[in-house]
>>> print(open('run-v9.txt').read())   # compact mmCIF, C-alpha atoms
# COMPACT_ATOMS: atom_id res chain seq x y z
CA MET A 1087 0.00 0.00 0.00
CA ARG A 1088 1.39 3.44 -0.87
CA THR A 1089 0.04 6.92 -0.51
CA LEU A 1090 0.78 10.36 -1.93
CA ILE A 1091 -0.50 13.47 -0.14
CA VAL A 1092 -0.62 17.05 -1.40
CA PHE A 1093 -1.62 20.12 0.65
CA PHE A 1094 -3.07 23.34 -0.76
CA LEU A 1095 -3.76 26.61 1.09
CA LEU A 1096 -7.23 27.93 0.43
CA CYS A 1097 -7.02 31.57 1.49
CA CYS A 1098 -8.40 32.50 -1.96
CA TYR A 1099 -11.69 30.71 -1.24
CA PRO A 1100 -13.92 32.96 0.86
CA PHE A 1101 -16.30 30.13 1.72
CA GLN A 1102 -13.38 28.18 3.24
CA LYS A 1103 -12.35 30.84 5.78
CA GLY A 1104 -11.25 29.29 9.00
CA MET A 1105 -9.94 26.13 7.31
CA ALA A 1106 -6.21 26.22 6.69
CA GLN A 1107 -6.01 23.50 4.06
CA GLU A 1108 -7.59 20.51 2.37
CA THR A 1109 -5.78 17.20 2.11
CA LEU A 1110 -6.28 14.96 -0.95
CA VAL A 1111 -5.05 11.39 -0.39
CA LEU A 1112 -4.87 8.99 -3.36
CA THR A 1113 -3.99 5.36 -2.67
CA THR A 1114 -3.61 2.28 -4.88
CA ASP A 1115 -3.27 -1.29 -3.65
CA LYS A 1116 0.00 -1.90 -5.59
CA GLU A 1117 2.73 -0.02 -7.42
CA GLN A 1118 2.96 -2.38 -10.40
CA TYR A 1119 0.25 -4.17 -12.40
CA ASN A 1120 -0.13 -6.50 -15.35
CA GLY A 1121 -2.72 -6.70 -18.10
CA GLY A 1122 -5.93 -8.18 -16.71
CA ASP A 1123 -5.36 -6.76 -13.21
CA THR A 1124 -7.65 -4.30 -11.45
CA ILE A 1125 -6.35 -1.10 -9.90
CA ARG A 1126 -8.15 -0.38 -6.65
CA LEU A 1127 -8.06 3.39 -6.38
CA MET A 1128 -9.07 5.03 -3.11
CA CYS A 1129 -9.49 8.71 -2.36
CA THR A 1130 -9.96 10.35 1.02
CA VAL A 1131 -10.28 13.95 2.18
CA PRO A 1132 -9.69 13.63 5.95
CA GLU A 1133 -11.05 17.12 6.73
CA TRP A 1134 -14.40 16.16 5.21
CA GLU A 1135 -14.96 12.94 7.16
CA GLY A 1136 -18.08 13.19 9.28
CA THR A 1137 -19.20 16.40 7.58
CA THR A 1138 -21.87 17.23 5.00
CA LYS A 1139 -19.33 18.47 2.46
CA LEU A 1140 -19.71 17.17 -1.10
CA GLY A 1141 -17.22 17.38 -3.94
CA THR A 1142 -16.03 15.79 -7.16
CA LEU A 1143 -12.81 13.89 -7.76
CA ASN A 1144 -11.53 14.37 -11.32
CA ILE A 1145 -9.13 11.63 -12.40
CA LEU A 1146 -6.73 11.59 -15.36
CA VAL A 1147 -4.87 8.35 -16.18
CA GLU A 1148 -2.28 8.43 -18.94
CA ASP A 1149 1.03 6.93 -19.93
CA ILE A 1150 3.99 9.25 -19.65
CA LYS A 1151 4.13 9.73 -23.44
CA HIS A 1152 0.45 10.81 -23.58
CA ASN A 1153 -0.45 8.03 -26.06
CA ASN A 1154 -3.31 6.67 -23.95
CA VAL A 1155 -5.46 9.01 -21.89
CA TRP A 1156 -8.58 8.34 -19.81
CA ARG A 1157 -10.65 10.86 -17.85
CA MET A 1158 -13.11 10.07 -15.09
CA ARG A 1159 -15.00 11.90 -12.39
CA TYR A 1160 -16.36 10.52 -9.14
CA PRO A 1161 -18.46 11.82 -6.23
CA ILE A 1162 -16.77 12.53 -2.91
CA VAL A 1163 -19.23 12.00 -0.04
CA ASP A 1164 -18.17 12.05 3.61
CA GLY A 1165 -14.58 12.51 2.43
CA TYR A 1166 -14.25 9.14 0.68
CA PHE A 1167 -14.56 7.30 -2.63
CA GLN A 1168 -13.25 4.04 -4.09
CA ALA A 1169 -13.14 2.93 -7.74
CA GLU A 1170 -11.88 -0.08 -9.68
CA LEU A 1171 -9.91 0.55 -12.88
CA VAL A 1172 -9.85 -2.64 -14.93
CA LEU A 1173 -6.80 -3.22 -17.14
CA PRO A 1174 -7.42 -5.20 -20.34
CA GLU A 1175 -4.89 -7.85 -21.31
CA SER A 1176 -3.86 -5.74 -24.32
CA ILE A 1177 -2.97 -2.56 -22.44
CA PRO A 1178 0.55 -1.40 -23.45
CA HIS A 1179 3.34 -1.93 -20.94
CA ASN A 1180 4.52 1.46 -19.80
CA GLN A 1181 4.94 3.89 -16.94
CA TYR A 1182 1.64 5.60 -16.11
CA MET A 1183 0.49 8.51 -14.00
CA ILE A 1184 -2.77 8.99 -12.11
CA THR A 1185 -3.50 12.69 -11.64
CA GLY A 1186 -6.36 13.75 -9.39
CA ASP A 1187 -7.89 17.04 -8.38
CA LEU A 1188 -10.60 17.87 -5.91
CA GLN A 1189 -13.39 20.05 -7.27
CA PRO A 1190 -15.47 21.98 -4.70
CA ARG A 1191 -18.70 21.15 -6.54
CA PHE A 1192 -21.08 18.25 -6.81
CA PHE A 1193 -23.35 17.28 -9.69
CA GLN A 1194 -26.37 19.56 -9.65
CA LEU A 1195 -28.23 21.01 -12.58
CA THR A 1196 -29.77 24.46 -12.79
CA GLY A 1197 -31.96 25.90 -15.51
CA GLN A 1198 -34.60 28.34 -16.58
CA LEU A 1199 -37.98 28.15 -18.29
CA LEU A 1200 -37.41 30.67 -21.07
CA ASN A 1201 -41.03 31.04 -22.22
CA ARG A 1202 -42.64 31.24 -18.79
CA VAL A 1203 -46.03 32.93 -18.68
CA LYS A 1204 -47.90 31.92 -15.52
CA GLU A 1205 -46.20 28.67 -14.61
CA ASP A 1206 -44.84 28.34 -11.10
CA SER A 1207 -43.32 24.86 -11.64
CA VAL A 1208 -42.24 22.34 -14.28
CA ARG A 1209 -42.03 18.57 -14.30
CA TYR A 1210 -38.85 16.66 -15.07
CA THR A 1211 -38.11 13.03 -15.94
CA LEU A 1212 -34.58 11.63 -15.80
CA GLN A 1213 -34.06 8.35 -17.67
CA LEU A 1214 -30.82 6.58 -16.75
CA GLU A 1215 -28.80 4.13 -18.85
CA ASP A 1216 -30.38 1.13 -17.11
CA LYS A 1217 -33.79 2.50 -18.19
CA SER A 1218 -34.77 3.40 -14.63
CA ILE A 1219 -36.73 6.63 -14.19
CA ILE A 1220 -36.42 9.48 -11.70
CA ALA A 1221 -39.22 12.06 -11.84
CA GLY A 1222 -40.32 15.09 -9.91
CA SER A 1223 -41.43 18.71 -10.10
CA LEU A 1224 -39.39 21.89 -9.77
CA GLY A 1225 -40.51 25.23 -8.41
CA LEU A 1226 -39.76 28.35 -10.46
CA ASN A 1227 -38.73 31.74 -9.14
CA GLU A 1228 -39.89 35.04 -10.64
CA GLU A 1229 -37.40 34.71 -13.52
CA GLY A 1230 -38.45 31.13 -14.24
CA ALA A 1231 -35.21 29.70 -12.84
CA PHE A 1232 -35.00 26.38 -10.99
CA ARG A 1233 -32.49 24.07 -9.31
CA MET A 1234 -32.75 20.29 -9.53
CA PRO A 1235 -32.14 18.00 -6.55
CA ARG A 1236 -28.77 16.24 -6.47
CA HIS A 1237 -28.98 12.87 -8.22
CA VAL A 1238 -25.94 10.59 -8.14
CA PHE A 1239 -25.80 8.43 -11.28
CA SER A 1240 -23.15 7.12 -13.63
CA GLY A 1241 -22.94 7.37 -17.40
CA ARG A 1242 -25.30 9.21 -19.71
CA ALA A 1243 -28.92 10.07 -18.93
CA THR A 1244 -31.74 11.71 -20.86
CA LEU A 1245 -33.59 14.56 -19.20
CA PHE A 1246 -37.12 15.60 -20.25
CA PHE A 1247 -39.11 18.66 -19.15
CA SER A 1248 -42.82 19.30 -19.50
CA ALA A 1249 -45.41 21.75 -18.20
CA TYR A 1250 -46.87 20.95 -14.79
CA LYS A 1251 -50.32 21.27 -16.32
CA PRO A 1252 -49.77 20.27 -19.95
CA GLY A 1253 -52.04 21.71 -22.57
CA LYS A 1254 -53.14 20.16 -25.83
CA GLY A 1255 -50.74 19.66 -28.71
CA LYS A 1256 -46.95 19.86 -28.59
CA ASN A 1257 -44.75 20.14 -25.55
CA THR A 1258 -43.88 23.83 -25.84
CA THR A 1259 -41.75 23.97 -22.69
CA HIS A 1260 -38.55 25.83 -23.66
CA ILE A 1261 -35.69 25.21 -21.23
CA ALA A 1262 -32.07 26.31 -20.87
CA ILE A 1263 -29.87 24.24 -18.55
CA SER A 1264 -26.36 24.35 -17.10
CA THR A 1265 -24.38 22.37 -14.55
CA PRO A 1266 -21.73 23.94 -12.28
CA LEU A 1267 -19.78 20.68 -12.49
CA ASP A 1268 -18.90 21.48 -16.11
CA SER A 1269 -18.05 25.11 -15.41
CA ALA A 1270 -14.69 26.71 -14.72
CA TYR A 1271 -13.17 25.97 -11.34
CA LYS A 1272 -9.95 25.98 -9.35
CA PRO A 1273 -9.16 22.71 -7.58
CA LEU A 1274 -8.97 22.57 -3.80
CA ALA A 1275 -6.09 20.10 -4.07
CA GLN A 1276 -4.15 18.16 -6.71
CA THR A 1277 -1.82 15.19 -6.66
CA THR A 1278 -0.05 12.82 -9.07
CA LEU A 1279 0.59 9.15 -8.39
CA PRO A 1280 2.98 7.01 -10.51
CA LEU A 1281 2.51 3.32 -11.32
CA VAL A 1282 3.86 0.71 -13.73
CA ILE A 1283 1.89 -1.64 -15.98
CA GLY A 1284 3.74 -4.66 -17.31
CA GLU A 1285 7.41 -5.55 -17.28
CA LEU A 1286 9.92 -2.74 -17.75
CA PRO A 1287 13.72 -2.84 -17.95
CA GLU A 1288 15.44 -2.75 -14.57
CA ASP A 1289 17.16 0.52 -15.42
CA ALA A 1290 13.92 2.23 -16.52
CA ALA A 1291 13.42 5.61 -14.87
CA PHE A 1292 10.46 7.96 -14.99
CA ILE A 1293 11.06 10.64 -17.57
CA ARG A 1294 10.15 14.26 -16.90
CA TYR A 1295 6.35 14.17 -16.82
CA LYS A 1296 3.83 16.93 -17.28
CA ALA A 1297 0.11 16.29 -16.96
CA ASP A 1298 -2.18 16.98 -19.89
CA SER A 1299 -2.75 20.75 -19.94
CA ASN A 1300 -6.39 20.20 -20.92
CA PHE A 1301 -7.09 18.10 -17.83
CA LEU A 1302 -8.51 21.01 -15.86
CA ARG A 1303 -11.25 21.76 -18.35
CA ASN A 1304 -12.11 25.46 -18.49
CA ASN A 1305 -9.34 26.17 -15.97
CA MET A 1306 -9.30 29.89 -15.23
CA GLY A 1307 -6.09 31.88 -15.44
CA THR A 1308 -4.37 34.77 -17.15
CA LEU A 1309 -2.17 34.95 -20.20
CA ALA A 1310 0.62 37.52 -20.38
CA ASN A 1311 1.93 39.19 -23.54
CA VAL A 1312 -0.56 37.58 -25.87
CA THR A 1313 -1.88 39.26 -29.00
CA VAL A 1314 -5.33 38.01 -30.00
CA LYS A 1315 -6.48 38.37 -33.57
CA GLY A 1316 -10.15 37.75 -34.30
CA LYS A 1317 -12.24 37.25 -37.37
CA ALA A 1318 -15.90 37.68 -38.14
CA LYS A 1319 -18.03 34.67 -37.31
CA THR A 1320 -19.56 32.77 -40.19
CA PRO A 1321 -23.24 31.70 -40.15
CA VAL A 1322 -22.26 28.17 -39.11
CA ASP A 1323 -20.08 29.57 -36.28
CA LYS A 1324 -23.09 31.46 -34.96
CA PHE A 1325 -25.28 28.38 -35.39
CA ASP A 1326 -22.74 26.33 -33.44
CA ASP A 1327 -22.60 28.89 -30.61
CA GLU A 1328 -26.39 28.97 -30.31
CA ASN A 1329 -27.12 25.24 -30.57
CA SER A 1330 -24.19 23.23 -29.21
CA SER A 1331 -24.17 22.43 -25.51
CA GLY A 1332 -22.25 20.38 -22.96
CA TYR A 1333 -19.83 17.89 -24.48
CA PHE A 1334 -20.89 19.03 -27.96
CA LYS A 1335 -19.15 22.38 -27.42
CA ASN A 1336 -15.77 20.97 -28.39
CA ASP A 1337 -13.10 22.70 -30.43
CA ARG A 1338 -11.66 19.32 -31.43
CA SER A 1339 -14.59 18.69 -33.74
CA GLN A 1340 -14.59 19.09 -37.52
CA VAL A 1341 -17.57 21.21 -38.56
CA PHE A 1342 -19.43 21.07 -41.90
CA SER A 1343 -22.09 23.61 -42.85
CA GLY A 1344 -25.30 22.84 -44.69
CA LEU A 1345 -26.77 26.31 -44.33
CA ASP A 1346 -25.84 27.10 -47.94
CA GLY A 1347 -27.27 23.85 -49.35
CA GLU A 1348 -23.91 22.03 -49.45
CA PHE A 1349 -25.50 18.66 -48.59
CA SER A 1350 -28.48 18.84 -50.94
CA GLY A 1351 -27.01 16.76 -53.78
CA PHE A 1352 -26.37 13.67 -51.64
CA ILE A 1353 -28.68 10.76 -50.85
CA SER A 1354 -27.39 10.63 -47.28
CA ILE A 1355 -25.15 12.78 -45.10
CA LEU A 1356 -22.98 9.66 -44.70
CA ASP A 1357 -22.27 9.75 -48.42
CA TYR A 1358 -21.19 13.37 -48.07
CA LEU A 1359 -18.87 12.61 -45.13
CA ASN A 1360 -17.27 9.57 -46.77
CA GLY A 1361 -13.62 10.43 -47.47
CA ARG A 1362 -13.80 13.91 -45.91
CA VAL A 1363 -12.70 12.99 -42.37
CA ALA A 1364 -9.30 11.38 -41.85
CA GLY A 1365 -9.55 8.18 -39.81
CA LEU A 1366 -13.34 7.85 -40.13
CA ASN A 1367 -14.21 4.68 -42.03
CA ILE A 1368 -17.67 4.66 -43.67
CA GLN A 1369 -18.55 1.45 -45.51
CA LYS A 1370 -21.76 1.06 -47.49
CA ASN A 1371 -23.43 -2.33 -47.93
CA THR A 1372 -23.96 -2.50 -51.69
CA GLU A 1373 -26.45 -5.37 -51.34
CA GLU A 1374 -28.72 -3.83 -48.71
CA PHE A 1375 -29.93 -0.26 -49.32
CA GLY A 1376 -29.32 2.06 -46.39
CA GLU A 1377 -26.97 -0.20 -44.43
CA TYR A 1378 -23.72 1.40 -43.30
CA LEU A 1379 -20.83 0.40 -41.08
CA VAL A 1380 -19.17 3.44 -39.51
CA VAL A 1381 -16.09 2.95 -37.33
CA TRP A 1382 -13.08 4.90 -36.09
CA ARG A 1383 -10.01 3.08 -34.75
CA ASN A 1384 -12.01 -0.13 -35.20
CA GLU A 1385 -14.61 1.12 -32.68
CA PRO A 1386 -18.23 1.93 -33.61
CA THR A 1387 -19.04 5.60 -34.02
CA ALA A 1388 -21.89 7.18 -32.03
CA PHE A 1389 -24.62 9.25 -33.72
CA PHE A 1390 -26.70 12.19 -32.53
CA LEU A 1391 -29.57 14.17 -34.03
CA ASP A 1392 -29.97 17.56 -32.35
CA GLU A 1393 -27.82 16.14 -29.51
CA VAL A 1394 -30.18 13.21 -28.90
CA PRO A 1395 -28.58 9.75 -29.40
CA VAL A 1396 -29.90 7.89 -32.47
CA ASP A 1397 -28.85 4.91 -34.60
CA VAL A 1398 -27.09 4.98 -37.96
CA GLN A 1399 -30.37 4.26 -39.80
CA THR A 1400 -31.85 7.51 -38.46
CA ILE A 1401 -28.82 9.43 -39.71
CA PHE A 1402 -29.06 7.75 -43.12
CA SER A 1403 -32.78 8.51 -43.43
CA PHE A 1404 -32.61 12.16 -42.40
CA PRO A 1405 -32.86 14.40 -45.51
CA PRO A 1406 -29.48 16.10 -46.16
CA SER A 1407 -31.26 19.22 -47.36
CA GLU A 1408 -32.72 19.63 -43.84
CA ILE A 1409 -29.33 19.49 -42.12
CA ALA A 1410 -27.87 22.81 -40.97
CA MET A 1411 -24.60 21.58 -39.48
CA VAL A 1412 -22.58 18.41 -38.91
CA LYS A 1413 -19.96 18.08 -36.17
CA VAL A 1414 -17.55 15.14 -36.29
CA PHE A 1415 -15.73 14.38 -33.03
CA PRO A 1416 -12.55 12.26 -33.06
CA PRO A 1417 -12.22 9.51 -30.47
CA PRO A 1418 -12.61 9.39 -27.63
CA PHE A 1419 -15.84 11.44 -27.50
CA MET A 1420 -16.52 12.10 -23.82
CA GLY A 1421 -20.30 12.53 -24.30
CA VAL A 1422 -20.69 8.79 -24.92
CA ILE A 1423 -20.39 6.81 -21.71
CA LEU A 1424 -17.35 8.89 -20.83
CA GLY A 1425 -15.11 8.15 -23.73
CA ALA A 1426 -16.43 5.85 -26.44
CA GLY A 1427 -13.55 4.89 -28.71
CA GLY A 1428 -15.22 5.44 -32.07
CA GLY A 1429 -15.82 9.17 -31.91
CA ALA A 1430 -19.18 10.70 -32.77
CA ILE A 1431 -21.17 12.32 -35.58
CA ALA A 1432 -23.70 14.94 -34.49
CA ILE A 1433 -26.09 16.43 -37.03
CA TYR A 1434 -28.18 19.52 -36.34
CA SER A 1435 -31.40 20.03 -38.22
CA LYS A 1436 -32.48 23.32 -39.78
CA ARG A 1437 -35.46 23.11 -37.47
CA ALA A 1438 -33.08 23.92 -34.64
CA THR A 1439 -32.77 27.73 -34.85
CA LEU A 1440 -31.94 30.70 -37.06
CA GLY A 1441 -35.66 31.29 -37.53
CA LEU A 1442 -35.94 28.41 -39.98
CA GLU A 1443 -38.59 26.81 -37.80
CA GLY A 1444 -39.73 27.29 -34.23
CA ARG A 1445 -38.10 24.90 -31.77
CA TYR A 1446 -38.59 24.22 -28.09
CA ARG A 1447 -35.72 22.65 -26.19
CA ASN A 1448 -37.11 20.35 -23.53
CA ARG A 1449 -34.98 17.22 -23.97
CA PHE A 1450 -31.30 16.98 -23.08
CA VAL A 1451 -28.57 14.36 -22.83
CA ILE A 1452 -26.47 14.87 -19.72
CA GLN A 1453 -23.42 13.10 -18.32
CA GLY A 1454 -23.21 12.00 -14.71
CA PHE A 1455 -20.30 10.44 -12.87
CA SER A 1456 -18.09 7.65 -14.18
CA PRO A 1457 -18.97 4.03 -13.37
CA THR A 1458 -17.23 2.78 -10.23
CA GLN A 1459 -15.76 -0.05 -12.33
CA TYR A 1460 -14.10 1.48 -15.38
CA THR A 1461 -12.12 -0.38 -18.07
CA LEU A 1462 -9.06 1.43 -19.45
CA LYS A 1463 -9.36 0.43 -23.08
CA PRO A 1464 -6.27 1.47 -25.08
CA VAL A 1465 -6.96 4.12 -27.73
CA LYS A 1466 -3.71 3.54 -29.67
>>> encode(input="run-v9.txt", output="C-alpha cells")
Amino acid sequence: MRTLIVFFLLCCYPFQKGMAQETLVLTTDKEQYNGGDTIRLMCTVPEWEGTTKLGTLNILVEDIKHNNVWRMRYPIVDGYFQAELVLPESIPHNQYMITGDLQPRFFQLTGQLLNRVKEDSVRYTLQLEDKSIIAGSLGLNEEGAFRMPRHVFSGRATLFFSAYKPGKGKNTTHIAISTPLDSAYKPLAQTTLPLVIGELPEDAAFIRYKADSNFLRNNMGTLANVTVKGKAKTPVDKFDDENSSGYFKNDRSQVFSGLDGEFSGFISILDYLNGRVAGLNIQKNTEEFGEYLVVWRNEPTAFFLDEVPVDVQTIFSFPPSEIAMVKVFPPPFMGVILGAGGGAIAIYSKRATLGLEGRYRNRFVIQGFSPTQYTLKPVK
C-alpha cells in the first residue's frame, strides 16, 4: 500500500475561511500491475470525514508519453470514494500517472424556463442508462429559474421537461440548462501518483512528466503578452454557438455547414462525409440499401440528431437538405459513456434555430459520474 498526499492553502476561497487547508489522499493497492489486473483506487479527504461536504474527484490516467489518456469523475461524499480501474490484457506496458484534483462542486443542474407565462413549476423526468426513471417537479422563481435535486448516477442520462399542467398539442416547454460541475473551477487540491503496468527494464526511470494541460477543463487563469487576432463569425459559427451544448461544445470537432445547401445533392449525409474525415471509415453495404458500417479506430461511431442519441439508420434517413450543421468528433468522444472509442457524428437540423422553424428545447442528454468499475481500453 502506498500513498501520496498534497496540501493546498485555500485563502483564496472565501467560503473556506477558518480552514487552513484541504488534504487529498490517493492510494492504490500496488505499485505495479499486469494486463488483466484491477487497480483499486481510493481517495480520502480527511477534513471532510463526518461532515456534510460534497465534492467531485476528477481523475486523469495516462502513460507518460500521452499516447493513452482516460478521464473520469467521481463523487466525494463524507470525504471518501473508491473505484476499480480494470486493465485489459492488451494494455501497453509502460509507466503511467494517475492525476487527481478535488473540485469543490457536486453534480447539480440548474436551468430556466425561457417562455414562462404563468407557470410556477415544471415537471422533469430523468431516464438513466439502465432504463430506470427518476421524476419530480421543480418550483420556479420570478425569472423562471429552478435548481434540480442532487442525483448521483453514472454514465449518460436523458432529461425531459414538461409543463406541470400540460395543454393540448406539442410540448412547448422551452428550457435552458447548465451544470456547475462542467463550469470553470480551481481545484482545492491536486496530486499525481505514478505506477507501472507490465514488465519494464530494470534501469527504466520515470522521464520528466507533465500532466495533460487540458485536464482542468475550463481552468481559469491569465495569459501575459498575448496578441489576440479575431475574425468575423460565419453563419455556421453562430449556429454552433447557439445550438451546441455540454460535451458538444468541443473545439476538437470538424464542422461542416449545410446552411448554404452544401449537402443537398447527396442521398445521405454519410455519403457526403465519406472520405472527408481522416480516420473515419464509412462502408456502405452494396447489397442492402441504407446499411452502413461506420467505425473509427475499429470502434463503432456514435450518432446524434440535435444532440439526442440515435442509430445509424436515423442518420441515413434524415434528408441532407434539412441538415444545418454536422460536427464530427474524433475519439474518444466524452459525451458517450465517458469516452467511447469510435468518436461521434452529431447532425443539427435546420429546425433547430436561425428562424428556420420554431423549436422548443425540452430534452437533453447529460453526463453523470463515471462508473465505479471502469475499463481502461487502449486508444492507440
>>> residues_around(input="run-v9.txt", residues="A:Thr1278", least_positions_apart="2", cutoff="7 Å", atoms="all atoms listed in the file", output="JSON, numbers by chain")
{"A": [1183, 1184, 1185, 1186, 1280]}
>>> closest_residue(input="run-v9.txt", among="A:Asn1336, A:Thr1258, A:Ser1354, A:Phe1390", to="A:Tyr1378", atoms="only C-alpha atoms")
A:Ser1354
>>> atom_distance(input="run-v9.txt", atom1="atom CA of A:Val1172", atom2="atom CA of A:Ile1145")
14.5 Å
>>> closest_atom_pairs(input="run-v9.txt", of="stretch 1147-1211 of chain A", to="stretch 1450-1459 of chain A", cutoff="8 Å", atoms="only C-alpha atoms", output="Markdown table")
| residue | atom | partner | partner_atom | distance |
| --- | --- | --- | --- | --- |
| A:Met1158 | CA | A:Ser1456 | CA | 5.6 |
| A:Arg1159 | CA | A:Phe1455 | CA | 5.5 |
| A:Tyr1160 | CA | A:Phe1455 | CA | 5.4 |
| A:Pro1161 | CA | A:Phe1455 | CA | 7.0 |
| A:Gln1168 | CA | A:Thr1458 | CA | 7.4 |
| A:Ala1169 | CA | A:Thr1458 | CA | 4.8 |
| A:Glu1170 | CA | A:Gln1459 | CA | 4.7 |
| A:Leu1171 | CA | A:Gln1459 | CA | 5.9 |
| A:Val1172 | CA | A:Gln1459 | CA | 7.0 |
| A:Phe1193 | CA | A:Gly1454 | CA | 7.3 |
>>> closest_residue(input="run-v9.txt", among="A:Lys1204, A:Arg1449, A:His1179, A:Arg1383", to="A:Pro1418", atoms="all atoms listed in the file")
A:Arg1383
>>> closest_residue(input="run-v9.txt", among="A:Ile1219, A:Val1203, A:Leu1279, A:Leu1212", to="A:Met1128", atoms="all atoms listed in the file")
A:Leu1279
